[in-house]
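Q: One file is attached below, protein15.cif, containing mmCIF, N, CA and C atoms.
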```
data_entry
loop_
_atom_site.label_atom_id
_atom_site.label_comp_id
_atom_site.auth_asym_id
_atom_site.auth_seq_id
_atom_site.Cartn_x
_atom_site.Cartn_y
_atom_site.Cartn_z
N MET A 415 -84.67 20.91 -37.24
CA MET A 415 -83.39 21.59 -37.12
C MET A 415 -82.27 20.59 -37.34
N GLU A 416 -81.37 20.93 -38.20
CA GLU A 416 -80.21 20.08 -38.47
C GLU A 416 -79.30 20.05 -37.24
N PRO A 417 -78.60 18.94 -37.00
CA PRO A 417 -77.69 18.88 -35.84
C PRO A 417 -76.68 20.02 -35.82
N ASP A 418 -76.20 20.44 -36.98
CA ASP A 418 -75.22 21.51 -37.04
C ASP A 418 -75.83 22.87 -36.69
N ASP A 419 -77.16 22.99 -36.79
CA ASP A 419 -77.83 24.25 -36.50
C ASP A 419 -78.01 24.49 -35.00
N LYS A 420 -77.73 23.50 -34.19
CA LYS A 420 -77.91 23.64 -32.75
C LYS A 420 -76.83 24.49 -32.11
N PHE A 421 -75.69 24.62 -32.76
CA PHE A 421 -74.56 25.30 -32.17
C PHE A 421 -74.12 26.49 -33.02
N ALA A 422 -73.65 27.50 -32.37
CA ALA A 422 -73.12 28.67 -33.08
C ALA A 422 -71.75 28.33 -33.65
N ALA A 423 -71.44 28.93 -34.76
CA ALA A 423 -70.11 28.76 -35.34
C ALA A 423 -69.10 29.47 -34.43
N VAL A 424 -67.99 28.82 -34.18
CA VAL A 424 -66.98 29.39 -33.29
C VAL A 424 -65.69 29.58 -34.07
N ASP A 425 -65.20 30.80 -34.03
CA ASP A 425 -63.92 31.11 -34.67
C ASP A 425 -62.84 30.90 -33.61
N THR A 426 -62.19 29.73 -33.66
CA THR A 426 -61.18 29.41 -32.64
C THR A 426 -59.86 30.14 -32.86
N SER A 427 -59.73 30.85 -33.96
CA SER A 427 -58.48 31.60 -34.19
C SER A 427 -58.29 32.68 -33.13
N ILE A 428 -59.37 33.08 -32.48
CA ILE A 428 -59.25 34.11 -31.44
C ILE A 428 -58.39 33.60 -30.28
N PHE A 429 -58.46 32.30 -29.99
CA PHE A 429 -57.66 31.76 -28.90
C PHE A 429 -56.17 31.84 -29.22
N ARG A 430 -55.84 31.57 -30.46
CA ARG A 430 -54.44 31.69 -30.89
C ARG A 430 -53.98 33.13 -30.75
N GLU A 431 -54.83 34.05 -31.18
CA GLU A 431 -54.49 35.47 -31.10
C GLU A 431 -54.33 35.93 -29.64
N ILE A 432 -55.23 35.47 -28.78
CA ILE A 432 -55.15 35.83 -27.36
C ILE A 432 -53.85 35.30 -26.75
N LYS A 433 -53.49 34.07 -27.07
CA LYS A 433 -52.26 33.47 -26.54
C LYS A 433 -51.02 34.19 -27.05
N LEU A 434 -51.03 34.58 -28.33
CA LEU A 434 -49.88 35.32 -28.87
C LEU A 434 -49.75 36.68 -28.18
N LEU A 435 -50.85 37.37 -28.05
CA LEU A 435 -50.87 38.68 -27.40
C LEU A 435 -50.45 38.57 -25.94
N SER A 436 -50.99 37.58 -25.25
CA SER A 436 -50.66 37.38 -23.85
C SER A 436 -49.19 37.02 -23.67
N GLY A 437 -48.70 36.12 -24.49
CA GLY A 437 -47.29 35.73 -24.40
C GLY A 437 -46.36 36.91 -24.60
N GLU A 438 -46.72 37.76 -25.55
CA GLU A 438 -45.94 38.97 -25.83
C GLU A 438 -45.92 39.89 -24.61
N ARG A 439 -47.09 40.08 -23.99
CA ARG A 439 -47.19 40.94 -22.81
C ARG A 439 -46.42 40.35 -21.62
N ILE A 440 -46.51 39.04 -21.43
CA ILE A 440 -45.81 38.37 -20.32
C ILE A 440 -44.31 38.51 -20.51
N ARG A 441 -43.82 38.23 -21.71
CA ARG A 441 -42.39 38.34 -21.98
C ARG A 441 -41.89 39.77 -21.75
N HIS A 442 -42.66 40.74 -22.23
CA HIS A 442 -42.28 42.15 -22.07
C HIS A 442 -42.18 42.52 -20.58
N GLU A 443 -43.19 42.16 -19.83
CA GLU A 443 -43.22 42.49 -18.39
C GLU A 443 -42.12 41.76 -17.64
N ARG A 444 -41.90 40.49 -17.97
CA ARG A 444 -40.84 39.72 -17.31
C ARG A 444 -39.49 40.36 -17.55
N ASN A 445 -39.23 40.76 -18.80
CA ASN A 445 -37.96 41.41 -19.14
C ASN A 445 -37.81 42.76 -18.43
N LEU A 446 -38.89 43.52 -18.36
CA LEU A 446 -38.85 44.81 -17.64
C LEU A 446 -38.44 44.63 -16.19
N ARG A 447 -38.87 43.56 -15.60
CA ARG A 447 -38.60 43.30 -14.17
C ARG A 447 -37.29 42.56 -13.94
N GLY A 448 -36.61 42.20 -15.03
CA GLY A 448 -35.33 41.51 -14.90
C GLY A 448 -35.47 40.09 -14.37
N ILE A 449 -36.59 39.46 -14.69
CA ILE A 449 -36.85 38.08 -14.25
C ILE A 449 -36.57 37.15 -15.42
N THR A 450 -35.88 36.06 -15.16
CA THR A 450 -35.60 35.10 -16.23
C THR A 450 -36.79 34.15 -16.40
N GLN A 451 -36.82 33.49 -17.56
CA GLN A 451 -37.86 32.48 -17.78
C GLN A 451 -37.75 31.37 -16.75
N ILE A 452 -36.53 31.03 -16.41
CA ILE A 452 -36.31 29.96 -15.42
C ILE A 452 -36.91 30.36 -14.07
N GLU A 453 -36.69 31.60 -13.66
CA GLU A 453 -37.21 32.08 -12.37
C GLU A 453 -38.74 32.10 -12.36
N LEU A 454 -39.33 32.63 -13.42
CA LEU A 454 -40.79 32.70 -13.47
C LEU A 454 -41.40 31.30 -13.53
N ALA A 455 -40.81 30.44 -14.34
CA ALA A 455 -41.31 29.07 -14.45
C ALA A 455 -41.24 28.37 -13.10
N ALA A 456 -40.12 28.52 -12.40
CA ALA A 456 -39.96 27.89 -11.08
C ALA A 456 -40.99 28.44 -10.10
N ASN A 457 -41.22 29.75 -10.14
CA ASN A 457 -42.21 30.36 -9.25
C ASN A 457 -43.61 29.82 -9.51
N MET A 458 -43.87 29.47 -10.75
CA MET A 458 -45.19 28.98 -11.13
C MET A 458 -45.30 27.45 -11.08
N GLY A 459 -44.18 26.77 -10.78
CA GLY A 459 -44.20 25.31 -10.71
C GLY A 459 -44.12 24.64 -12.06
N GLY A 460 -43.50 25.30 -13.03
CA GLY A 460 -43.38 24.73 -14.37
C GLY A 460 -41.93 24.70 -14.81
N SER A 461 -41.72 24.28 -16.04
CA SER A 461 -40.37 24.18 -16.59
C SER A 461 -40.08 25.40 -17.47
N PRO A 462 -38.80 25.66 -17.73
CA PRO A 462 -38.44 26.75 -18.64
C PRO A 462 -39.05 26.55 -20.04
N ARG A 463 -39.12 25.31 -20.50
CA ARG A 463 -39.72 25.03 -21.81
C ARG A 463 -41.18 25.45 -21.82
N TRP A 464 -41.89 25.12 -20.76
CA TRP A 464 -43.30 25.48 -20.61
C TRP A 464 -43.46 27.00 -20.67
N MET A 465 -42.55 27.72 -19.99
CA MET A 465 -42.60 29.18 -19.99
C MET A 465 -42.31 29.74 -21.39
N ARG A 466 -41.37 29.13 -22.10
CA ARG A 466 -41.08 29.56 -23.48
C ARG A 466 -42.32 29.40 -24.35
N GLU A 467 -43.03 28.29 -24.15
CA GLU A 467 -44.24 28.04 -24.93
C GLU A 467 -45.33 29.06 -24.62
N ILE A 468 -45.46 29.42 -23.36
CA ILE A 468 -46.45 30.45 -22.97
C ILE A 468 -46.09 31.77 -23.64
N GLU A 469 -44.83 32.16 -23.54
CA GLU A 469 -44.41 33.45 -24.12
C GLU A 469 -44.48 33.44 -25.64
N ALA A 470 -44.38 32.29 -26.25
CA ALA A 470 -44.49 32.18 -27.71
C ALA A 470 -45.95 32.12 -28.16
N GLY A 471 -46.86 31.96 -27.20
CA GLY A 471 -48.28 31.84 -27.54
C GLY A 471 -48.60 30.53 -28.23
N ALA A 472 -47.86 29.48 -27.88
CA ALA A 472 -48.04 28.17 -28.50
C ALA A 472 -49.48 27.70 -28.34
N PRO A 473 -50.06 27.10 -29.39
CA PRO A 473 -51.45 26.66 -29.33
C PRO A 473 -51.74 25.67 -28.20
N GLY A 474 -50.75 24.88 -27.80
CA GLY A 474 -50.96 23.88 -26.76
C GLY A 474 -51.01 24.44 -25.35
N THR A 475 -50.67 25.71 -25.18
CA THR A 475 -50.73 26.30 -23.85
C THR A 475 -52.18 26.57 -23.46
N LYS A 476 -52.41 26.63 -22.17
CA LYS A 476 -53.76 26.88 -21.66
C LYS A 476 -53.90 28.35 -21.30
N LEU A 477 -55.09 28.91 -21.50
CA LEU A 477 -55.33 30.29 -21.08
C LEU A 477 -55.14 30.43 -19.57
N GLU A 478 -55.43 29.36 -18.85
CA GLU A 478 -55.23 29.36 -17.39
C GLU A 478 -53.75 29.62 -17.06
N ASP A 479 -52.84 29.04 -17.85
CA ASP A 479 -51.41 29.25 -17.62
C ASP A 479 -51.03 30.70 -17.93
N HIS A 480 -51.64 31.27 -18.96
CA HIS A 480 -51.38 32.67 -19.29
C HIS A 480 -51.87 33.58 -18.16
N LEU A 481 -53.04 33.26 -17.63
CA LEU A 481 -53.57 34.05 -16.51
C LEU A 481 -52.68 33.92 -15.27
N LYS A 482 -52.22 32.71 -15.01
CA LYS A 482 -51.36 32.48 -13.85
C LYS A 482 -50.06 33.26 -13.98
N ALA A 483 -49.46 33.27 -15.17
CA ALA A 483 -48.22 34.03 -15.39
C ALA A 483 -48.48 35.52 -15.25
N THR A 484 -49.59 35.97 -15.81
CA THR A 484 -49.96 37.38 -15.74
C THR A 484 -50.12 37.81 -14.29
N LEU A 485 -50.86 37.03 -13.53
CA LEU A 485 -51.08 37.36 -12.11
C LEU A 485 -49.80 37.24 -11.29
N SER A 486 -48.95 36.27 -11.63
CA SER A 486 -47.67 36.11 -10.92
C SER A 486 -46.78 37.33 -11.09
N LEU A 487 -46.91 37.99 -12.24
CA LEU A 487 -46.12 39.20 -12.50
C LEU A 487 -46.82 40.46 -12.02
N GLY A 488 -48.01 40.30 -11.44
CA GLY A 488 -48.74 41.46 -10.94
C GLY A 488 -49.31 42.34 -12.04
N MET A 489 -49.55 41.74 -13.21
CA MET A 489 -50.06 42.48 -14.35
C MET A 489 -51.58 42.50 -14.35
N PRO A 490 -52.17 43.50 -15.02
CA PRO A 490 -53.62 43.46 -15.21
C PRO A 490 -53.97 42.34 -16.19
N THR A 491 -55.17 41.82 -16.09
CA THR A 491 -55.58 40.70 -16.93
C THR A 491 -56.45 41.13 -18.12
N GLY A 492 -56.57 42.41 -18.31
CA GLY A 492 -57.44 42.94 -19.36
C GLY A 492 -57.11 42.45 -20.75
N HIS A 493 -55.83 42.25 -21.04
CA HIS A 493 -55.46 41.80 -22.39
C HIS A 493 -56.05 40.43 -22.71
N ILE A 494 -56.35 39.65 -21.67
CA ILE A 494 -56.99 38.34 -21.87
C ILE A 494 -58.51 38.49 -21.75
N ALA A 495 -58.95 39.11 -20.66
CA ALA A 495 -60.39 39.22 -20.39
C ALA A 495 -61.12 40.00 -21.47
N PHE A 496 -60.58 41.13 -21.88
CA PHE A 496 -61.24 41.95 -22.89
C PHE A 496 -61.27 41.24 -24.24
N SER A 497 -60.19 40.52 -24.56
CA SER A 497 -60.16 39.76 -25.82
C SER A 497 -61.29 38.74 -25.86
N ILE A 498 -61.52 38.08 -24.73
CA ILE A 498 -62.59 37.08 -24.65
C ILE A 498 -63.96 37.74 -24.74
N LEU A 499 -64.12 38.88 -24.07
CA LEU A 499 -65.39 39.61 -24.15
C LEU A 499 -65.71 40.04 -25.58
N PHE A 500 -64.71 40.58 -26.27
CA PHE A 500 -64.90 40.98 -27.65
C PHE A 500 -65.26 39.77 -28.51
N ALA A 501 -64.57 38.66 -28.31
CA ALA A 501 -64.86 37.45 -29.09
C ALA A 501 -66.29 36.97 -28.85
N GLY A 502 -66.73 37.04 -27.60
CA GLY A 502 -68.09 36.64 -27.26
C GLY A 502 -69.14 37.49 -27.95
N GLN A 503 -68.78 38.71 -28.29
CA GLN A 503 -69.69 39.61 -28.99
C GLN A 503 -69.46 39.59 -30.50
N ARG A 504 -68.61 38.66 -30.94
CA ARG A 504 -68.26 38.53 -32.36
C ARG A 504 -67.64 39.82 -32.91
N MET A 505 -66.82 40.43 -32.06
CA MET A 505 -66.14 41.67 -32.44
C MET A 505 -64.63 41.42 -32.41
N ARG A 506 -63.93 42.10 -33.27
CA ARG A 506 -62.47 41.99 -33.29
C ARG A 506 -61.90 42.87 -32.18
N PHE A 507 -60.97 42.32 -31.41
CA PHE A 507 -60.34 43.05 -30.31
C PHE A 507 -59.33 44.05 -30.86
N PRO A 508 -59.47 45.33 -30.52
CA PRO A 508 -58.49 46.32 -31.01
C PRO A 508 -57.19 46.24 -30.19
N ARG A 509 -56.13 45.75 -30.80
CA ARG A 509 -54.85 45.55 -30.10
C ARG A 509 -54.34 46.85 -29.45
N GLN A 510 -54.70 47.99 -30.02
CA GLN A 510 -54.24 49.26 -29.48
C GLN A 510 -54.70 49.44 -28.02
N LEU A 511 -55.79 48.79 -27.68
CA LEU A 511 -56.35 48.91 -26.34
C LEU A 511 -55.36 48.45 -25.27
N ILE A 512 -54.55 47.43 -25.56
CA ILE A 512 -53.64 46.91 -24.55
C ILE A 512 -52.46 47.84 -24.29
N TYR A 513 -52.24 48.81 -25.18
CA TYR A 513 -51.13 49.73 -24.98
C TYR A 513 -51.57 50.96 -24.21
N GLY A 514 -52.84 51.02 -23.87
CA GLY A 514 -53.36 52.12 -23.05
C GLY A 514 -53.21 51.78 -21.59
N ASP A 515 -53.96 52.46 -20.77
CA ASP A 515 -53.91 52.25 -19.32
C ASP A 515 -54.90 51.15 -18.96
N LEU A 516 -54.49 49.89 -19.13
CA LEU A 516 -55.38 48.76 -18.87
C LEU A 516 -55.95 48.74 -17.45
N PRO A 517 -55.14 49.02 -16.41
CA PRO A 517 -55.73 49.02 -15.07
C PRO A 517 -56.87 50.03 -14.94
N ALA A 518 -56.74 51.19 -15.56
CA ALA A 518 -57.80 52.19 -15.48
C ALA A 518 -59.04 51.72 -16.24
N ILE A 519 -58.83 51.09 -17.39
CA ILE A 519 -59.96 50.57 -18.17
C ILE A 519 -60.65 49.45 -17.40
N GLU A 520 -59.87 48.58 -16.77
CA GLU A 520 -60.45 47.50 -15.96
C GLU A 520 -61.29 48.08 -14.83
N ARG A 521 -60.75 49.09 -14.13
CA ARG A 521 -61.48 49.71 -13.02
C ARG A 521 -62.78 50.33 -13.50
N LYS A 522 -62.74 51.01 -14.65
CA LYS A 522 -63.96 51.63 -15.21
C LYS A 522 -65.02 50.56 -15.50
N CYS A 523 -64.60 49.45 -16.07
CA CYS A 523 -65.53 48.36 -16.37
C CYS A 523 -66.13 47.80 -15.09
N ILE A 524 -65.31 47.58 -14.09
CA ILE A 524 -65.79 47.05 -12.81
C ILE A 524 -66.76 48.04 -12.16
N GLU A 525 -66.43 49.33 -12.21
CA GLU A 525 -67.32 50.35 -11.65
C GLU A 525 -68.66 50.37 -12.38
N MET A 526 -68.61 50.27 -13.70
CA MET A 526 -69.84 50.30 -14.49
C MET A 526 -70.71 49.08 -14.18
N ILE A 527 -70.09 47.92 -14.07
CA ILE A 527 -70.84 46.70 -13.74
C ILE A 527 -71.42 46.82 -12.33
N SER A 528 -70.61 47.29 -11.39
CA SER A 528 -71.08 47.46 -10.01
C SER A 528 -72.25 48.44 -9.93
N ASP A 529 -72.12 49.57 -10.62
CA ASP A 529 -73.19 50.57 -10.63
C ASP A 529 -74.48 49.98 -11.20
N SER A 530 -74.36 49.21 -12.27
CA SER A 530 -75.52 48.60 -12.90
C SER A 530 -76.20 47.61 -11.96
N VAL A 531 -75.39 46.79 -11.31
CA VAL A 531 -75.94 45.79 -10.38
C VAL A 531 -76.59 46.48 -9.19
N LEU A 532 -75.94 47.50 -8.64
CA LEU A 532 -76.51 48.21 -7.49
C LEU A 532 -77.80 48.94 -7.86
N THR A 533 -77.85 49.52 -9.03
CA THR A 533 -79.07 50.20 -9.49
C THR A 533 -80.22 49.20 -9.61
N ALA A 534 -79.94 48.05 -10.20
CA ALA A 534 -80.98 47.02 -10.35
C ALA A 534 -81.42 46.50 -8.99
N LEU A 535 -80.46 46.29 -8.10
CA LEU A 535 -80.79 45.80 -6.76
C LEU A 535 -81.63 46.83 -6.00
N LYS A 536 -81.24 48.08 -6.09
CA LYS A 536 -81.98 49.15 -5.42
C LYS A 536 -83.42 49.20 -5.96
N GLN A 537 -83.56 49.04 -7.27
CA GLN A 537 -84.89 49.04 -7.89
C GLN A 537 -85.71 47.86 -7.38
N ASP A 538 -85.09 46.69 -7.31
CA ASP A 538 -85.79 45.49 -6.85
C ASP A 538 -86.21 45.58 -5.39
N LEU A 539 -85.40 46.25 -4.57
CA LEU A 539 -85.67 46.33 -3.13
C LEU A 539 -86.54 47.51 -2.74
N SER A 540 -86.75 48.44 -3.66
CA SER A 540 -87.57 49.61 -3.35
C SER A 540 -89.05 49.22 -3.29
N PRO A 541 -89.76 49.74 -2.32
CA PRO A 541 -91.20 49.47 -2.28
C PRO A 541 -91.86 50.07 -3.52
N GLN A 542 -92.97 49.47 -3.91
CA GLN A 542 -93.65 49.92 -5.12
C GLN A 542 -94.04 51.39 -5.04
N TRP A 543 -94.45 51.88 -3.87
CA TRP A 543 -94.87 53.28 -3.75
C TRP A 543 -93.73 54.24 -4.01
N ARG A 544 -92.48 53.77 -3.83
CA ARG A 544 -91.32 54.64 -4.11
C ARG A 544 -90.97 54.64 -5.59
N ARG A 545 -91.48 53.65 -6.32
CA ARG A 545 -91.21 53.54 -7.74
C ARG A 545 -92.21 54.35 -8.57
N GLY A 546 -93.10 55.06 -7.90
CA GLY A 546 -94.09 55.86 -8.62
C GLY A 546 -95.38 55.12 -8.88
N ASP A 547 -95.56 53.96 -8.24
CA ASP A 547 -96.78 53.19 -8.40
C ASP A 547 -97.82 53.79 -7.45
N ASP A 548 -98.94 54.27 -7.98
CA ASP A 548 -99.93 54.98 -7.18
C ASP A 548 -100.80 54.08 -6.31
N CYS A 549 -100.84 52.80 -6.58
CA CYS A 549 -101.77 51.95 -5.83
C CYS A 549 -101.36 51.75 -4.39
N GLY A 550 -100.06 51.89 -4.08
CA GLY A 550 -99.58 51.81 -2.71
C GLY A 550 -99.64 50.43 -2.10
N GLN A 551 -99.94 49.41 -2.86
CA GLN A 551 -100.02 48.06 -2.33
C GLN A 551 -98.71 47.31 -2.64
N ILE A 552 -98.38 46.43 -1.73
CA ILE A 552 -97.18 45.62 -1.91
C ILE A 552 -97.58 44.17 -2.06
#
```
So that I can check it, write out the structure of this file as structure tokens.

A:
Amino acid sequence: MEPDDKFAAVDTSIFREIKLLSGERIRHERNLRGITQIELAANMGGSPRWMREIEAGAPGTKLEDHLKATLSLGMPTGHIAFSILFAGQRMRFPRQLIYGDLPAIERKCIEMISDSVLTALKQDLSPQWRRGDDCGQI
């Protein structure tokens, strides 16, 4: 196996897209709430320049900073989390999704994951005789 064959190809352009999308959402929400960049930056322990870079989706910003700004504004994090999930599946994230009811979509995803985990746990904890196994031995 060639050294290059050990790793999957990674399209890093998705990170730029996520940062641009996130910055746009943060700026929109901040403006809706009448909060200045200076106020939000101060609340987060950063500078106004740093906040401008986050809102511009600058490549040098960290996704952690985007998440911190999102959470500081009380926003759902789906625009970041779903983008990463889609990228992990090598799928393009449909931007239209962020204009829907993200909190409802996030709740549905959490419910689906919880249901799946509980179903698996219930199956694992059920005695064999309850699973339809006729031998009755454990």

Q: Might you spell out which residues the PyMOL selection byres ((chain A and resi 434) around 8) would select in the displayed file, as a ChimeraX atom specification?

A: /A:428-433,435-440,468-473

Q: Based on the selection just made, write N, CA and C atoms of those residues as a PDB file, keeping the file's coordinate frame.

A:
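Writing the result to result-v9.pdb gives the following:
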```
ATOM      1  N   ILE A 428     -59.370  33.080 -32.480  1.00  0.00           N
ATOM      2  CA  ILE A 428     -59.250  34.110 -31.440  1.00  0.00           C
ATOM      3  C   ILE A 428     -58.390  33.600 -30.280  1.00  0.00           C
ATOM      4  N   PHE A 429     -58.460  32.300 -29.990  1.00  0.00           N
ATOM      5  CA  PHE A 429     -57.660  31.760 -28.900  1.00  0.00           C
ATOM      6  C   PHE A 429     -56.170  31.840 -29.220  1.00  0.00           C
ATOM      7  N   ARG A 430     -55.840  31.570 -30.460  1.00  0.00           N
ATOM      8  CA  ARG A 430     -54.440  31.690 -30.890  1.00  0.00           C
ATOM      9  C   ARG A 430     -53.980  33.130 -30.750  1.00  0.00           C
ATOM     10  N   GLU A 431     -54.830  34.050 -31.180  1.00  0.00           N
ATOM     11  CA  GLU A 431     -54.490  35.470 -31.100  1.00  0.00           C
ATOM     12  C   GLU A 431     -54.330  35.930 -29.640  1.00  0.00           C
ATOM     13  N   ILE A 432     -55.230  35.470 -28.780  1.00  0.00           N
ATOM     14  CA  ILE A 432     -55.150  35.830 -27.360  1.00  0.00           C
ATOM     15  C   ILE A 432     -53.850  35.300 -26.750  1.00  0.00           C
ATOM     16  N   LYS A 433     -53.490  34.070 -27.070  1.00  0.00           N
ATOM     17  CA  LYS A 433     -52.260  33.470 -26.540  1.00  0.00           C
ATOM     18  C   LYS A 433     -51.020  34.190 -27.050  1.00  0.00           C
ATOM     19  N   LEU A 435     -50.850  37.370 -28.050  1.00  0.00           N
ATOM     20  CA  LEU A 435     -50.870  38.680 -27.400  1.00  0.00           C
ATOM     21  C   LEU A 435     -50.450  38.570 -25.940  1.00  0.00           C
ATOM     22  N   SER A 436     -50.990  37.580 -25.250  1.00  0.00           N
ATOM     23  CA  SER A 436     -50.660  37.380 -23.850  1.00  0.00           C
ATOM     24  C   SER A 436     -49.190  37.020 -23.670  1.00  0.00           C
ATOM     25  N   GLY A 437     -48.700  36.120 -24.490  1.00  0.00           N
ATOM     26  CA  GLY A 437     -47.290  35.730 -24.400  1.00  0.00           C
ATOM     27  C   GLY A 437     -46.360  36.910 -24.600  1.00  0.00           C
ATOM     28  N   GLU A 438     -46.720  37.760 -25.550  1.00  0.00           N
ATOM     29  CA  GLU A 438     -45.940  38.970 -25.830  1.00  0.00           C
ATOM     30  C   GLU A 438     -45.920  39.890 -24.610  1.00  0.00           C
ATOM     31  N   ARG A 439     -47.090  40.080 -23.990  1.00  0.00           N
ATOM     32  CA  ARG A 439     -47.190  40.940 -22.810  1.00  0.00           C
ATOM     33  C   ARG A 439     -46.420  40.350 -21.620  1.00  0.00           C
ATOM     34  N   ILE A 440     -46.510  39.040 -21.430  1.00  0.00           N
ATOM     35  CA  ILE A 440     -45.810  38.370 -20.320  1.00  0.00           C
ATOM     36  C   ILE A 440     -44.310  38.510 -20.510  1.00  0.00           C
ATOM     37  N   ILE A 468     -45.460  29.420 -23.360  1.00  0.00           N
ATOM     38  CA  ILE A 468     -46.450  30.450 -22.970  1.00  0.00           C
ATOM     39  C   ILE A 468     -46.090  31.770 -23.640  1.00  0.00           C
ATOM     40  N   GLU A 469     -44.830  32.160 -23.540  1.00  0.00           N
ATOM     41  CA  GLU A 469     -44.410  33.450 -24.120  1.00  0.00           C
ATOM     42  C   GLU A 469     -44.480  33.440 -25.640  1.00  0.00           C
ATOM     43  N   ALA A 470     -44.380  32.290 -26.250  1.00  0.00           N
ATOM     44  CA  ALA A 470     -44.490  32.180 -27.710  1.00  0.00           C
ATOM     45  C   ALA A 470     -45.950  32.120 -28.160  1.00  0.00           C
ATOM     46  N   GLY A 471     -46.860  31.960 -27.200  1.00  0.00           N
ATOM     47  CA  GLY A 471     -48.280  31.840 -27.540  1.00  0.00           C
ATOM     48  C   GLY A 471     -48.600  30.530 -28.230  1.00  0.00           C
ATOM     49  N   ALA A 472     -47.860  29.480 -27.880  1.00  0.00           N
ATOM     50  CA  ALA A 472     -48.040  28.170 -28.500  1.00  0.00           C
ATOM     51  C   ALA A 472     -49.480  27.700 -28.340  1.00  0.00           C
ATOM     52  N   PRO A 473     -50.060  27.100 -29.390  1.00  0.00           N
ATOM     53  CA  PRO A 473     -51.450  26.660 -29.330  1.00  0.00           C
ATOM     54  C   PRO A 473     -51.740  25.670 -28.200  1.00  0.00           C
TER      55      PRO A 473
END
```

Q: Give me the residues within 6.5 Å of stretch 486-501 of chain A as a list in words, counting only N, CA and C atoms and dropping any in the same chain fewer than 6 places off.

A: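 Near neighbours after the sequence-gap exclusion: Ile432, Ser436, Phe507, Ile512, Leu516, Pro517 and Glu520 of chain A.
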
Q: Just to confirm, what's the straight-line distance from atom CA of A:Ser461 to atom CA of A:His480 in Å (one decimal)?

A: 14.2 Å

Q: In Å, rounded to a single decimal, give me how far atom N of A:Met505 is from atom N of A:Ala422.

A: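 Atom N of A:Met505 lies at a distance of 14.6 Å from atom N of A:Ala422.
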
Q: Please complete stretch 493-497 of chain A so it has all heavy atoms, and hand it over as a PDB file, keeping the file's coordinate frame.

A:
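And here's selection-v8.pdb as it stands now:
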```pdb
ATOM      1  N   HIS A 493     -55.830  42.250 -21.040  1.00  0.00           N
ATOM      2  CA  HIS A 493     -55.460  41.800 -22.390  1.00  0.00           C
ATOM      3  C   HIS A 493     -56.050  40.430 -22.710  1.00  0.00           C
ATOM      4  O   HIS A 493     -56.273  40.100 -23.863  1.00  0.00           O
ATOM      5  CB  HIS A 493     -53.940  41.790 -22.579  1.00  0.00           C
ATOM      6  CG  HIS A 493     -53.208  40.840 -21.717  1.00  0.00           C
ATOM      7  ND1 HIS A 493     -52.963  41.077 -20.382  1.00  0.00           N
ATOM      8  CD2 HIS A 493     -52.670  39.636 -21.985  1.00  0.00           C
ATOM      9  CE1 HIS A 493     -52.300  40.056 -19.873  1.00  0.00           C
ATOM     10  NE2 HIS A 493     -52.106  39.169 -20.829  1.00  0.00           N
ATOM     11  N   ILE A 494     -56.350  39.650 -21.670  1.00  0.00           N
ATOM     12  CA  ILE A 494     -56.990  38.340 -21.870  1.00  0.00           C
ATOM     13  C   ILE A 494     -58.510  38.490 -21.750  1.00  0.00           C
ATOM     14  O   ILE A 494     -59.256  38.080 -22.634  1.00  0.00           O
ATOM     15  CB  ILE A 494     -56.465  37.304 -20.857  1.00  0.00           C
ATOM     16  CG1 ILE A 494     -54.965  37.079 -21.062  1.00  0.00           C
ATOM     17  CG2 ILE A 494     -57.241  35.987 -20.972  1.00  0.00           C
ATOM     18  CD1 ILE A 494     -54.299  36.236 -19.999  1.00  0.00           C
ATOM     19  N   ALA A 495     -58.950  39.110 -20.660  1.00  0.00           N
ATOM     20  CA  ALA A 495     -60.390  39.220 -20.390  1.00  0.00           C
ATOM     21  C   ALA A 495     -61.120  40.000 -21.470  1.00  0.00           C
ATOM     22  O   ALA A 495     -62.181  39.574 -21.947  1.00  0.00           O
ATOM     23  CB  ALA A 495     -60.614  39.865 -19.019  1.00  0.00           C
ATOM     24  N   PHE A 496     -60.580  41.130 -21.880  1.00  0.00           N
ATOM     25  CA  PHE A 496     -61.240  41.950 -22.890  1.00  0.00           C
ATOM     26  C   PHE A 496     -61.270  41.240 -24.240  1.00  0.00           C
ATOM     27  O   PHE A 496     -62.243  41.328 -24.981  1.00  0.00           O
ATOM     28  CB  PHE A 496     -60.594  43.322 -23.028  1.00  0.00           C
ATOM     29  CG  PHE A 496     -60.757  44.195 -21.817  1.00  0.00           C
ATOM     30  CD1 PHE A 496     -59.765  45.084 -21.440  1.00  0.00           C
ATOM     31  CD2 PHE A 496     -61.898  44.147 -21.038  1.00  0.00           C
ATOM     32  CE1 PHE A 496     -59.909  45.889 -20.325  1.00  0.00           C
ATOM     33  CE2 PHE A 496     -62.061  44.947 -19.915  1.00  0.00           C
ATOM     34  CZ  PHE A 496     -61.057  45.823 -19.555  1.00  0.00           C
ATOM     35  N   SER A 497     -60.190  40.520 -24.560  1.00  0.00           N
ATOM     36  CA  SER A 497     -60.160  39.760 -25.820  1.00  0.00           C
ATOM     37  C   SER A 497     -61.290  38.740 -25.860  1.00  0.00           C
ATOM     38  O   SER A 497     -61.952  38.564 -26.883  1.00  0.00           O
ATOM     39  CB  SER A 497     -58.822  39.036 -25.980  1.00  0.00           C
ATOM     40  OG  SER A 497     -57.764  39.947 -26.051  1.00  0.00           O
TER      41      SER A 497
END
```
